[in-house]
Each structure stands twice: as structure tokens, then as C-alpha cells.
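Below is entry-v7.cif, holding mmCIF, C-alpha atoms.
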data_query
#
loop_
_atom_site.label_atom_id
_atom_site.label_comp_id
_atom_site.auth_asym_id
_atom_site.auth_seq_id
_atom_site.Cartn_x
_atom_site.Cartn_y
_atom_site.Cartn_z
CA THR K 1 -12.91 38.73 1.94
CA LEU K 2 -9.89 39.10 -0.36
CA VAL K 3 -7.56 38.72 2.61
CA ILE K 4 -9.28 35.51 3.69
CA MET K 5 -9.13 34.09 0.17
CA SER K 6 -5.47 35.00 -0.14
CA SER K 7 -4.66 33.35 3.17
CA SER K 8 -6.53 30.22 2.12
CA LEU K 9 -4.58 30.01 -1.12
CA ILE K 10 -1.30 30.19 0.78
CA VAL K 11 -2.30 27.30 3.02
CA PHE K 12 -3.49 25.00 0.26
CA SER K 13 -1.21 25.93 -2.63
CA GLN K 14 0.85 23.26 -4.39
CA GLN K 15 4.58 23.41 -3.69
CA THR K 16 6.58 24.90 -6.54
CA PRO K 17 8.67 22.24 -8.28
CA ALA K 18 12.38 22.49 -7.53
CA PRO K 19 14.77 24.01 -10.09
CA GLU K 20 17.50 22.02 -11.82
CA GLN K 21 20.54 21.13 -9.74
CA ASN K 22 23.14 23.86 -10.30
CA GLU K 23 25.81 22.99 -7.73
CA ILE K 24 27.60 19.88 -6.52
CA ILE K 25 26.08 18.31 -3.40
CA THR K 26 27.83 15.86 -1.09
CA ILE K 27 26.17 13.86 1.68
CA SER K 28 28.64 12.63 4.27
CA GLY K 29 28.50 10.28 7.23
CA ALA K 30 25.14 8.65 6.55
CA ILE K 31 24.30 4.97 6.69
CA ALA K 32 23.63 4.34 2.98
CA HIS K 33 21.09 1.71 2.01
CA ILE K 34 22.09 1.09 -1.60
CA GLY K 35 18.80 -0.61 -2.53
CA ASN K 36 20.38 -3.81 -3.85
CA GLY K 37 20.87 -5.42 -0.44
CA GLU K 38 24.10 -3.63 0.42
CA ILE K 39 24.76 -1.14 3.23
CA ILE K 40 27.60 1.36 3.68
CA GLN K 41 27.82 2.28 7.36
CA ASN K 42 29.79 5.50 6.84
CA SER K 43 29.13 6.76 3.34
CA ILE K 44 30.08 9.63 1.11
CA ILE K 45 27.64 10.36 -1.71
CA THR K 46 28.24 13.08 -4.27
CA PHE K 47 25.97 14.11 -7.12
CA GLU K 48 26.25 16.67 -9.87
CA LYS K 49 23.86 17.72 -12.66
CA GLY K 50 21.30 15.23 -11.38
CA LYS K 51 23.62 12.19 -11.48
CA LEU K 52 25.47 10.29 -8.78
CA VAL K 53 29.21 10.73 -9.31
CA ALA K 54 30.44 9.04 -6.13
CA VAL K 55 28.97 6.46 -3.75
CA ALA K 56 31.68 5.17 -1.46
CA ASP K 57 32.72 4.15 2.04
CA ALA K 58 34.12 7.27 3.73
CA SER K 59 36.18 5.09 6.07
CA THR K 60 38.32 3.72 3.23
CA SER K 61 37.80 6.14 0.36
CA LYS K 62 39.96 9.18 -0.34
CA ILE K 63 37.16 11.00 -2.18
CA ALA K 64 37.18 14.69 -1.26
CA LEU K 65 34.10 16.48 0.00
CA ARG K 66 32.91 18.86 -2.71
CA GLY K 67 30.25 21.50 -3.18
CA THR K 68 27.49 21.92 -0.64
CA ILE K 69 28.14 19.51 2.23
CA ILE K 70 25.25 17.88 4.07
CA ASP K 71 26.41 16.30 7.30
CA ALA K 72 24.14 13.29 7.70
CA SER K 73 26.02 11.57 10.52
CA GLY K 74 23.71 9.18 12.36
CA LYS K 75 21.08 9.44 9.62
CA HIS K 76 20.16 7.11 6.75
CA VAL K 77 20.18 7.60 2.98
CA TYR K 78 17.87 5.61 0.70
CA PRO K 79 17.12 5.54 -3.03
CA GLY K 80 13.75 7.08 -3.87
CA ILE K 81 10.89 4.67 -3.29
CA ILE K 82 9.01 3.58 -6.42
CA ALA K 83 5.24 2.96 -6.38
CA PRO K 84 3.94 0.72 -9.21
CA ASN K 85 0.29 0.37 -10.25
CA THR K 86 -1.21 3.52 -8.76
CA THR K 87 -3.96 5.94 -9.73
CA LEU K 88 -1.87 8.85 -8.46
CA GLY K 89 -2.70 12.06 -10.28
CA LEU K 90 -5.80 10.47 -11.78
CA VAL K 91 -8.02 10.57 -8.68
CA GLU K 92 -8.14 13.43 -6.22
CA ILE K 93 -11.24 12.73 -4.11
CA ASP K 94 -12.81 9.29 -4.45
CA ALA K 95 -16.24 10.54 -3.42
CA VAL K 96 -16.31 13.32 -6.04
CA ARG K 97 -16.88 11.98 -9.56
CA GLN K 98 -15.51 15.11 -11.23
CA THR K 99 -12.06 14.45 -9.72
CA ARG K 100 -11.84 10.83 -10.92
CA ASP K 101 -10.17 10.34 -14.29
CA GLN K 102 -8.78 6.82 -13.98
CA ASP K 103 -11.34 5.03 -16.16
CA GLU K 104 -12.86 5.42 -19.61
CA LEU K 105 -15.82 3.83 -21.37
CA GLY K 106 -15.06 0.65 -23.27
CA GLU K 107 -13.75 -2.88 -22.71
CA PHE K 108 -10.70 -3.03 -25.01
CA ILE K 109 -9.09 0.42 -24.92
CA PRO K 110 -5.26 0.05 -24.85
CA ASN K 111 -5.03 3.39 -26.65
CA VAL K 112 -6.20 5.24 -23.52
CA ARG K 113 -3.09 6.85 -21.97
CA ALA K 114 -3.03 7.57 -18.26
CA LEU K 115 -0.14 10.00 -18.64
CA ILE K 116 -2.04 12.76 -20.40
CA ALA K 117 -4.63 12.79 -17.59
CA TYR K 118 -1.96 12.94 -14.86
CA ASN K 119 -2.41 15.94 -12.55
CA ALA K 120 1.04 16.98 -11.38
CA GLU K 121 -0.53 19.46 -8.94
CA SER K 122 -2.51 16.80 -7.09
CA GLN K 123 -2.44 17.20 -3.32
CA VAL K 124 -2.43 13.43 -3.03
CA VAL K 125 0.78 13.27 -5.05
CA GLU K 126 2.58 15.85 -2.91
CA SER K 127 1.60 14.02 0.28
CA LEU K 128 3.75 11.01 -0.71
CA ARG K 129 7.08 12.78 -0.85
CA PRO K 130 7.56 13.21 2.93
CA ASN K 131 7.55 9.40 3.23
CA GLY K 132 10.19 8.96 0.54
CA VAL K 133 7.93 7.90 -2.35
CA LEU K 134 9.40 9.85 -5.26
CA LEU K 135 8.43 7.87 -8.39
CA ALA K 136 5.22 6.14 -9.45
CA GLN K 137 3.55 4.26 -12.27
CA THR K 138 0.29 6.04 -13.00
CA THR K 139 -2.16 3.42 -14.21
CA PRO K 140 -5.66 3.35 -15.72
CA VAL K 141 -8.32 0.96 -14.42
CA GLY K 142 -11.61 -0.53 -15.62
CA GLY K 143 -12.75 -2.61 -18.57
CA THR K 144 -10.89 -5.65 -19.82
CA ILE K 145 -7.91 -3.83 -21.28
CA SER K 146 -7.79 -0.57 -19.31
CA GLY K 147 -5.15 1.35 -21.22
CA THR K 148 -1.50 2.34 -20.99
CA SER K 149 0.48 3.34 -17.91
CA SER K 150 3.54 5.60 -17.61
CA ILE K 151 6.25 6.26 -15.02
CA VAL K 152 6.36 9.73 -13.45
CA GLN K 153 8.48 11.56 -10.91
CA LEU K 154 6.51 13.32 -8.19
CA ASP K 155 7.76 16.91 -8.40
CA ALA K 156 6.70 18.51 -11.66
CA TRP K 157 4.83 21.40 -13.24
CA ASN K 158 2.82 19.20 -15.59
CA TRP K 159 2.64 15.70 -17.04
CA GLU K 160 5.26 16.48 -19.67
CA ASP K 161 7.77 17.44 -16.97
CA ALA K 162 6.76 14.49 -14.79
CA ALA K 163 7.27 11.78 -17.42
CA VAL K 164 10.18 9.40 -16.75
CA LYS K 165 9.10 6.55 -19.03
CA ILE K 166 6.19 7.06 -21.40
CA ASP K 167 3.69 4.27 -22.13
CA ASP K 168 5.68 1.56 -20.35
CA GLY K 169 2.94 -1.06 -20.39
CA ILE K 170 -0.67 -2.05 -21.02
CA HIS K 171 -2.98 -3.29 -18.28
CA ILE K 172 -5.47 -6.12 -18.62
CA ASN K 173 -7.99 -7.26 -16.02
CA TRP K 174 -8.17 -11.03 -16.37
CA PRO K 175 -11.68 -12.51 -15.93
CA ASP K 176 -12.38 -14.70 -12.89
CA SER K 177 -13.06 -18.39 -13.40
CA TYR K 178 -15.40 -18.20 -10.42
CA ALA K 179 -17.96 -15.47 -9.86
CA GLN K 180 -19.93 -14.38 -6.83
CA GLY K 181 -23.71 -14.59 -7.05
CA ARG K 182 -25.58 -11.33 -7.61
CA TRP K 183 -27.30 -11.00 -4.25
CA TRP K 184 -29.16 -7.88 -5.42
CA LEU K 185 -31.02 -10.11 -7.91
CA GLY K 186 -31.89 -12.66 -5.25
CA GLU K 187 -29.03 -15.02 -6.13
CA SER K 188 -26.87 -16.72 -3.52
CA SER K 189 -23.75 -14.67 -2.72
CA ALA K 190 -21.64 -17.84 -2.76
CA TYR K 191 -18.95 -18.25 -5.42
CA LYS K 192 -19.75 -20.50 -8.37
CA PRO K 193 -18.10 -21.28 -11.72
CA ASN K 194 -18.20 -18.39 -14.17
CA LYS K 195 -20.11 -19.84 -17.14
CA ARG K 196 -18.79 -17.07 -19.39
CA TYR K 197 -15.12 -17.58 -18.52
CA GLN K 198 -14.12 -19.41 -21.71
CA GLU K 199 -16.12 -16.96 -23.79
CA GLU K 200 -14.28 -14.05 -22.16
CA LEU K 201 -10.93 -15.72 -22.82
CA GLU K 202 -11.85 -16.14 -26.49
CA SER K 203 -12.66 -12.43 -26.70
CA ILE K 204 -9.22 -11.57 -25.28
CA LYS K 205 -7.49 -14.03 -27.60
CA SER K 206 -9.36 -12.72 -30.63
CA PHE K 207 -8.41 -9.12 -29.81
CA ILE K 208 -4.74 -10.04 -29.40
CA ILE K 209 -4.64 -12.07 -32.65
CA ASN K 210 -6.31 -9.25 -34.58
CA SER K 211 -3.92 -6.71 -33.05
CA LYS K 212 -0.90 -8.79 -34.08
CA ALA K 213 -2.25 -9.22 -37.61
CA TYR K 214 -2.91 -5.48 -37.83
CA GLY K 215 0.74 -4.77 -37.06
CA LYS K 216 1.87 -6.99 -39.94
CA SER K 217 -0.46 -5.36 -42.46
CA THR K 218 -0.73 -1.98 -44.15
CA PRO K 219 -4.23 -0.93 -43.10
CA LYS K 220 -6.14 1.70 -45.03
CA THR K 221 -7.95 2.76 -41.87
CA ILE K 222 -6.13 3.38 -38.59
CA ASN K 223 -7.42 1.33 -35.67
CA GLU K 224 -6.13 3.13 -32.57
CA SER K 225 -6.76 0.15 -30.27
CA PHE K 226 -4.83 -2.31 -32.43
CA LYS K 227 -2.11 0.27 -33.05
CA ALA K 228 -1.59 0.77 -29.30
CA MET K 229 -0.92 -2.96 -28.83
CA GLN K 230 2.12 -3.17 -31.11
CA GLY K 231 4.67 -2.46 -28.38
CA LEU K 232 3.68 -5.72 -26.72
CA PHE K 233 4.70 -7.78 -29.73
CA ASN K 234 8.08 -6.13 -30.35
CA GLY K 235 9.08 -6.19 -26.68
CA GLU K 236 8.98 -2.43 -26.11
CA GLN K 237 6.12 -2.72 -23.62
CA LYS K 238 5.02 -5.13 -20.91
CA MET K 239 1.60 -6.59 -20.34
CA PHE K 240 0.49 -6.09 -16.75
CA VAL K 241 -2.06 -8.80 -15.98
CA HIS K 242 -4.32 -8.13 -13.01
CA ALA K 243 -5.15 -11.64 -11.79
CA TYR K 244 -5.33 -13.30 -8.39
CA GLY K 245 -6.22 -16.99 -8.71
CA GLU K 246 -3.95 -19.89 -9.62
CA LYS K 247 -5.99 -20.90 -12.70
CA GLU K 248 -6.37 -17.34 -13.92
CA MET K 249 -2.62 -16.69 -13.73
CA ILE K 250 -1.70 -19.88 -15.57
CA ASP K 251 -4.32 -19.23 -18.25
CA ALA K 252 -3.18 -15.62 -18.67
CA VAL K 253 0.54 -16.35 -18.99
CA THR K 254 -0.09 -19.30 -21.32
CA LEU K 255 -2.51 -17.47 -23.61
CA LEU K 256 -0.40 -14.32 -23.85
CA LYS K 257 2.90 -16.06 -24.51
CA ASN K 258 1.33 -18.40 -27.06
CA ASN K 259 0.13 -15.34 -28.95
CA GLY K 260 3.35 -13.34 -29.08
CA ILE K 261 3.35 -11.34 -25.84
CA GLN K 262 6.47 -12.39 -23.95
CA ASN K 263 6.94 -9.66 -21.32
CA VAL K 264 4.29 -10.43 -18.70
CA VAL K 265 3.94 -9.01 -15.18
CA LEU K 266 1.29 -10.33 -12.80
CA VAL K 267 -0.46 -7.77 -10.60
CA GLY K 268 -2.22 -8.93 -7.44
CA ALA K 269 -1.14 -12.57 -7.83
CA TYR K 270 -2.60 -13.69 -4.51
CA GLU K 271 -2.06 -17.42 -5.20
CA ALA K 272 1.28 -17.02 -6.97
CA TYR K 273 3.10 -18.94 -4.24
CA LYS K 274 1.26 -22.08 -5.43
CA ILE K 275 2.76 -21.89 -8.94
CA SER K 276 6.32 -20.64 -8.34
CA ASP K 277 7.91 -23.20 -10.67
CA PHE K 278 5.55 -22.20 -13.49
CA LEU K 279 6.32 -18.50 -12.97
CA LYS K 280 10.09 -19.06 -12.94
CA LYS K 281 9.90 -21.19 -16.08
CA ASN K 282 8.02 -18.40 -17.87
CA ASN K 283 10.16 -15.56 -16.46
CA VAL K 284 7.18 -13.78 -14.92
CA SER K 285 7.64 -11.05 -12.30
CA ILE K 286 5.01 -9.97 -9.78
CA LEU K 287 3.52 -6.86 -8.21
CA ILE K 288 1.83 -8.50 -5.25
CA GLN K 289 -1.41 -7.22 -3.77
CA ARG K 290 -1.40 -4.69 -0.95
CA VAL K 291 0.27 -6.14 2.15
CA HIS K 292 -2.16 -4.60 4.63
CA THR K 293 -5.22 -6.60 3.58
CA THR K 294 -7.05 -9.57 5.02
CA PRO K 295 -6.77 -13.08 3.52
CA ASP K 296 -9.15 -13.77 0.62
CA ASN K 297 -10.23 -17.27 1.63
CA ASP K 298 -11.57 -18.68 4.88
CA ASP K 299 -8.95 -21.44 5.04
CA ASP K 300 -5.93 -19.24 4.25
CA ASP K 301 -3.32 -18.55 6.90
CA TYR K 302 -4.30 -15.45 8.84
CA ASP K 303 -0.98 -13.83 7.96
CA LEU K 304 -0.75 -14.92 4.31
CA THR K 305 -0.85 -11.37 2.91
CA PHE K 306 1.96 -10.38 5.28
CA LYS K 307 4.27 -13.25 4.36
CA LEU K 308 3.37 -13.68 0.68
CA ALA K 309 6.31 -11.55 -0.45
CA LYS K 310 8.79 -13.65 1.53
CA LEU K 311 7.36 -16.88 0.14
CA LEU K 312 7.92 -15.63 -3.40
CA VAL K 313 11.35 -14.12 -2.73
CA ASP K 314 12.44 -17.42 -1.18
CA ASP K 315 11.30 -19.09 -4.42
CA GLU K 316 13.49 -16.67 -6.41
CA ILE K 317 10.62 -14.77 -8.03
CA LEU K 318 11.19 -11.09 -8.89
CA VAL K 319 8.68 -9.33 -6.61
CA ALA K 320 7.75 -5.73 -5.88
CA LEU K 321 5.15 -4.19 -3.57
CA GLN K 322 2.23 -2.01 -4.64
CA SER K 323 -0.81 -0.50 -2.96
CA SER K 324 -3.82 -1.18 -5.19
CA GLY K 325 -7.25 -1.34 -3.63
CA GLN K 326 -9.69 1.04 -2.04
CA MET K 327 -8.17 4.50 -1.55
CA ALA K 328 -5.09 3.20 -3.40
CA GLY K 329 -3.68 6.64 -4.11
CA MET K 330 -3.80 7.70 -0.49
CA SER K 331 -2.43 4.39 0.81
CA THR K 332 0.57 4.59 -1.51
CA ARG K 333 2.30 6.77 1.08
CA ASN K 334 2.43 3.64 3.27
CA LEU K 335 4.58 1.70 0.80
CA PRO K 336 7.73 1.85 2.98
CA PHE K 337 5.71 0.51 5.92
CA TYR K 338 4.41 -2.38 3.82
CA ALA K 339 8.07 -3.28 3.29
CA GLY K 340 8.57 -3.00 7.03
CA GLN K 341 5.68 -5.41 7.58
CA VAL K 342 7.23 -7.88 5.16
CA ALA K 343 10.54 -7.60 7.04
CA ALA K 344 8.69 -8.36 10.28
CA GLN K 345 7.65 -11.69 8.73
CA GLY K 346 11.27 -12.81 8.46
CA LEU K 347 12.52 -11.28 5.21
CA ASP K 348 15.90 -9.56 5.57
CA LYS K 349 15.29 -5.82 5.91
CA GLU K 350 17.54 -4.88 2.99
CA LYS K 351 15.75 -7.44 0.81
CA ALA K 352 12.46 -5.91 1.94
CA LEU K 353 13.80 -2.51 0.86
CA GLN K 354 14.56 -3.99 -2.57
CA LEU K 355 10.82 -4.67 -2.98
CA ILE K 356 10.19 -0.91 -3.17
CA THR K 357 13.41 0.26 -4.86
CA GLU K 358 15.50 -2.00 -7.10
CA ASN K 359 12.83 -4.60 -7.89
CA PRO K 360 10.09 -2.22 -9.07
CA ALA K 361 12.73 -0.36 -11.09
CA LYS K 362 13.60 -3.63 -12.85
CA ILE K 363 9.97 -4.59 -13.40
CA LEU K 364 9.09 -1.14 -14.77
CA GLY K 365 12.21 -0.99 -16.93
CA ILE K 366 13.82 2.08 -15.32
CA ASP K 367 16.62 0.32 -13.41
CA SER K 368 19.33 1.86 -15.58
CA ASP K 369 18.59 5.20 -13.89
CA TYR K 370 16.62 4.53 -10.71
CA GLY K 371 16.17 2.07 -7.86
CA THR K 372 19.67 1.97 -6.36
CA LEU K 373 22.40 4.35 -5.22
CA GLU K 374 25.06 3.65 -7.81
CA THR K 375 27.46 5.87 -9.74
CA GLY K 376 25.98 7.07 -13.00
CA LYS K 377 22.37 6.70 -11.90
CA SER K 378 19.91 9.48 -11.14
CA ALA K 379 20.37 11.29 -7.84
CA THR K 380 16.85 10.42 -6.72
CA LEU K 381 17.17 9.75 -3.00
CA PHE K 382 16.27 10.93 0.47
CA ILE K 383 17.86 11.41 3.89
CA CYS K 384 15.94 10.03 6.86
CA LYS K 385 16.50 10.47 10.58
CA GLY K 386 15.88 6.77 11.21
CA ASP K 387 14.67 3.54 9.63
CA ALA K 388 12.53 4.48 6.62
CA LEU K 389 10.56 1.23 6.87
CA ASP K 390 9.33 2.11 10.37
CA MET K 391 6.59 4.74 10.56
CA ARG K 392 7.93 5.89 13.93
CA THR K 393 11.30 6.88 12.48
CA ASN K 394 10.49 7.63 8.84
CA ILE K 395 11.24 11.34 9.24
CA LEU K 396 12.80 12.91 6.18
CA THR K 397 15.18 15.87 6.35
CA HIS K 398 16.06 16.10 2.64
CA ALA K 399 14.80 14.61 -0.61
CA PHE K 400 16.14 14.89 -4.16
CA ILE K 401 14.68 13.97 -7.53
CA ASP K 402 17.25 13.96 -10.33
CA GLY K 403 19.47 16.02 -8.04
CA ARG K 404 16.82 18.68 -7.44
CA SER K 405 16.27 19.48 -3.77
CA ILE K 406 12.48 19.11 -3.49
CA SER K 407 10.12 20.51 -0.88
CA LEU K 408 8.81 18.22 1.84
CA GLU K 409 6.00 20.62 2.67
CA THR K 410 2.44 19.61 1.76
CA HIS K 411 -1.04 20.90 2.39
CA GLN K 412 -1.10 18.54 5.37
CA THR K 413 2.07 19.94 6.95
CA GLU K 414 0.72 23.43 6.38
CA LEU K 415 -2.49 22.54 8.19
CA TRP K 416 -0.51 20.92 11.01
CA LYS K 417 1.50 24.11 11.48
CA ARG K 418 -1.63 26.22 11.34
CA TYR K 419 -3.64 24.29 13.90
CA SER K 420 -0.74 23.41 16.19
CA LYS K 421 -0.68 27.11 17.10
CA LYS K 422 -4.37 27.27 17.95
CA TYR K 423 -4.04 26.04 21.52
CA SER K 424 -0.43 27.04 22.10
CA LYS K 425 0.28 29.15 25.18
CA LYS K 426 0.56 32.86 24.59
#
For the file at hand, write its structure as C-alpha cells.
Amino acid sequence: TLVIMSSSLIVFSQQTPAPEQNEIITISGAIAHIGNGEIIQNSIITFEKGKLVAVADASTSKIALRGTIIDASGKHVYPGIIAPNTTLGLVEIDAVRQTRDQDELGEFIPNVRALIAYNAESQVVESLRPNGVLLAQTTPVGGTISGTSSIVQLDAWNWEDAAVKIDDGIHINWPDSYAQGRWWLGESSAYKPNKRYQEELESIKSFIINSKAYGKSTPKTINESFKAMQGLFNGEQKMFVHAYGEKEMIDAVTLLKNNGIQNVVLVGAYEAYKISDFLKKNNVSILIQRVHTTPDNDDDDYDLTFKLAKLLVDDEILVALQSSGQMAGMSTRNLPFYAGQVAAQGLDKEKALQLITENPAKILGIDSDYGTLETGKSATLFICKGDALDMRTNILTHAFIDGRSISLETHQTELWKRYSKKYSKK
């Protein structure tokens, strides 16, 4: 029995996080996709102590090859893919309540911090790395104000090690102006005006006004909810507004900005293409809803979700892709393929890559270190045999987070190796 248990632990154990980079590494000959729209066909990339010290064209540069040399001729190098708005590390098995820690009781709970619940040893988290997803925003859900998100890197011992940017923003679920009838109570399932919409907006407004007033006072009693909101008023944090309809988005941006919250990001934003001028005027960026979904309305174009990103990019809106929805954590591994789908709708492939590298880094406020392959930034990148946006050729050979050479093995690859031998010829 002990032997069986031991064997089982070997198969399903979490990969040990990589140690700090202790030698210079140079990648030569690869096609480098910088992440900002540029490509270097024959690149030389050197990094030391977790930072990129050289990113150049090997055909014209006289930079010497140093340290450990990785010959990546014919392969591609990309910056690490960034996944915003995920429940990674908060949910392990959707069907098992004990493994779900993405929600807390309460309607206005900005003081709830997703980071301290983040499980760095999640098997869902490790399954993303072989597709090039190396950073994520772990985000709470539920209620009206769900709590505070943080940015993590996906190869860590614990949440303290994983943290890249702590408490980057607060997430609010904007009420719908139309509501579907409660069929389980015998009501029609058709959509109808939400009679409580204005009342719900007043509740949000009241909470924000009271939070702002709290920050200007010297309270005798600490109010954790009001205290957690202060970063929104001084510009240290962003408000991520989960809203889909045209009216809801306009109401949200208007109400928040009129009450002192200037840094607003729309999440979902299904009808954002209808109000591009309004969004540009208010400097609002967008994390659009999952690409691989069906249209919301009967009269929408059948391919609206596929081409929504291009419509917004063409209108000069700062856009990034995310994977919220059912089984969101698991589907996050498909983020590069969502970008590939967007490219198939006519968006330039390097611009599509920006939607999962440079753009989310800008929106999440980590672009000084991540999102592109540029000298001085973090050596968070991966080498791929082919096009990373195509699931047929997204085959990684190496991946690095802050210069650390991370494992691409997961419980899934272990199972594949185990069972691939079952019917092999002796």
C-alpha cells in the first residue's frame, strides 16, 4: 500500500518552483515577437539576474553570445502571456464546494483580498504554463463589490512568492438595467426593465461617497470596507467594472468619475463597440469578454464575439483579452488561441499578440516590467517551436519567469506519459 501511495504522489505532485537565475542565458537565432507589434527575424536575447540585458537583431548586432547558449534557430520567442480577471488559484474543482474560495458573503466587501487565498500549488495553475501563460490577475467574484485582485506569477511556493503587484484593483459587478424573469416562480423568462436598477445605483453611489468621506476624516472606529476603497481615490488602484450593456457602461463610467474614481477598466463590455467615442473621451480601457462564446442577442452578428476585439482596436481603444465565464480557470490556458481567433478575423497577428502581452500589462499597471521583450524588463518569456497563437504549433521548449527556467511538466503531462506506455509494444 505504501508503494502505491508513493507512486501516486510522484504522479500528481506539484512541480518544484525554479531557483533564482544564477548564470547568464542567451537565446540565439529565434524569431522574436517583441509584444509591441515588432518582430526580429534573427534575434539575440540575453538575460542576467532575471532582467533582459540585450534584445537585438543578430544580423546587424555585434553583441557577443554569453553564458549558457540556447540555439533557437527556426523557433519563436514571445513575452510571457498575461491573463487578467481569472479565478486561478481560488478554484480547484468547480463541482467541489470545499475547493472554491473565490467568493465571500456580503455585497460591498472591497476589503476581501483574493491574494491571501491564492493557492500557488493549484494543478490548474501549473497546467497553464505549457501554453505560455506565465502571469495572471487573480480576482474575487460575487456580490456588488467583490473585493481586491492582485497580479501573480505562476511558479511559486506560496502567495507571498507569487505576488507581482499586490491589490492592484477593486472589482464591481454593475447591476443590469434589464432583468430576466424568474421562470422558477412562474414568471416569463423574457427580459424586462429592472425596476430596482436606480435603487441599486443609489446604493453604489452612497457607498462610494461614504468611502470618500471616510478617507478625509479621522474616524474613531476603523471601517475596513471604506478603508479598502481609498486607493481608488488617490489613483493607486483601478476600478474594474464588470458590465456588458451600453447603458450600464455609460452609467458606470459617469457615476464613478463624477465621484472621484478616475481609473476605470470595463470587464466584459459586450456592447462597447457602440460607444467607442465615449470610452475614448473618458480614457477607459477594456478587458473584453471571452472570445469563444456565442452572441448575446438574437439579432447580433453571428461572429460578433470573434471580431469585437478588432472593432475596438480599430477605434483606438486599449483592449486586452480575458477568459471569464464558466470554467474560467481552466479555459485560461486557451488565451493564446483566443488571440489567434481574433487574428483570423482580420486583426494583424502581432496586434493580436499585444492583446495578451503588452496591453494587459498596461491595463494592470505592470508594463514597466512585463508584457514586452525590451532591455531592462523582466526576463519572463518562452520559446515555442511554432506560432504560439495556433494550438497546432504552440509547443513550448523553454519558459522563464524573472529569468528562472521553469518546469513545463504538469500532472497532465505526467498522466500522458504514464498512459502512453500502457498499450506500447513490448
Just so the selection is clear, what residues does the PyMOL selection byres ((chain K and resi 40) around 10) cover here, as number ranges by chain? K: 29-34, 38-39, 41-44, 55-59, 76-77
Now that the selection is made, can you save its residues with C-alpha atoms as a JSON list (two decimals), in the coordinates of the input?
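And here is the file that came out, result_16.json:
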[["chain", "number", "residue", "atom", "x", "y", "z"],
["K", 29, "GLY", "CA", 28.50, 10.28, 7.23],
["K", 30, "ALA", "CA", 25.14, 8.65, 6.55],
["K", 31, "ILE", "CA", 24.30, 4.97, 6.69],
["K", 32, "ALA", "CA", 23.63, 4.34, 2.98],
["K", 33, "HIS", "CA", 21.09, 1.71, 2.01],
["K", 34, "ILE", "CA", 22.09, 1.09, -1.60],
["K", 38, "GLU", "CA", 24.10, -3.63, 0.42],
["K", 39, "ILE", "CA", 24.76, -1.14, 3.23],
["K", 41, "GLN", "CA", 27.82, 2.28, 7.36],
["K", 42, "ASN", "CA", 29.79, 5.50, 6.84],
["K", 43, "SER", "CA", 29.13, 6.76, 3.34],
["K", 44, "ILE", "CA", 30.08, 9.63, 1.11],
["K", 55, "VAL", "CA", 28.97, 6.46, -3.75],
["K", 56, "ALA", "CA", 31.68, 5.17, -1.46],
["K", 57, "ASP", "CA", 32.72, 4.15, 2.04],
["K", 58, "ALA", "CA", 34.12, 7.27, 3.73],
["K", 59, "SER", "CA", 36.18, 5.09, 6.07],
["K", 76, "HIS", "CA", 20.16, 7.11, 6.75],
["K", 77, "VAL", "CA", 20.18, 7.60, 2.98]]
Between atom CA of K:Leu408 and atom CA of K:Arg129, measure the distance and give it in Å to one decimal. 6.3 Å
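Using the PyMOL selection byres ((chain K and resi 257) around 12) on the file at hand returns these residues: Lys205, Ile208, Ile209, Leu232, Phe233, Gly235, Lys238, Met239, Ile250, Asp251, Ala252, Val253, Thr254, Leu255, Leu256, Asn258, Asn259, Gly260, Ile261, Gln262, Asn263, Val264, Val265, Asn282, Asn283 and Val284 of chain K.
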Please measure the separation of atom CA of K:Thr68 and atom CA of K:Asp161, giving the value in Å to one decimal. 26.0 Å
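For the residues K:Lys422, K:His171, K:His398, K:His292, ranking by smallest atom-to-atom distance to K:Ala243 using all atoms listed in the file places K:His171 first.
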Using all atoms listed in the file, what table do you get, as a Markdown table, when you list each residue of stretch 321-352 of chain K with an atom no more than 12 Å from stretch 364-387 of chain K, its nearest pair of atoms, and their distance in Å rounded to one decimal, rows by chain then rising number?
| residue | atom | partner | partner_atom | distance |
| --- | --- | --- | --- | --- |
| K:Pro336 | CA | K:Asp387 | CA | 9.8 |
| K:Phe337 | CA | K:Asp387 | CA | 10.2 |
| K:Ala339 | CA | K:Asp387 | CA | 11.4 |
| K:Gly340 | CA | K:Asp387 | CA | 9.3 |
| K:Lys349 | CA | K:Asp387 | CA | 10.1 |
| K:Glu350 | CA | K:Asp387 | CA | 11.1 |
Could you dump the residues just selected with C-alpha atoms as a PDB file, in the frame of the given file?
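Contents of the output file out-v8.pdb:
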ATOM      1  CA  PRO K 336       7.730   1.850   2.980  1.00  0.00           C
ATOM      2  CA  PHE K 337       5.710   0.510   5.920  1.00  0.00           C
ATOM      3  CA  ALA K 339       8.070  -3.280   3.290  1.00  0.00           C
ATOM      4  CA  GLY K 340       8.570  -3.000   7.030  1.00  0.00           C
ATOM      5  CA  LYS K 349      15.290  -5.820   5.910  1.00  0.00           C
ATOM      6  CA  GLU K 350      17.540  -4.880   2.990  1.00  0.00           C
TER       7      GLU K 350
END
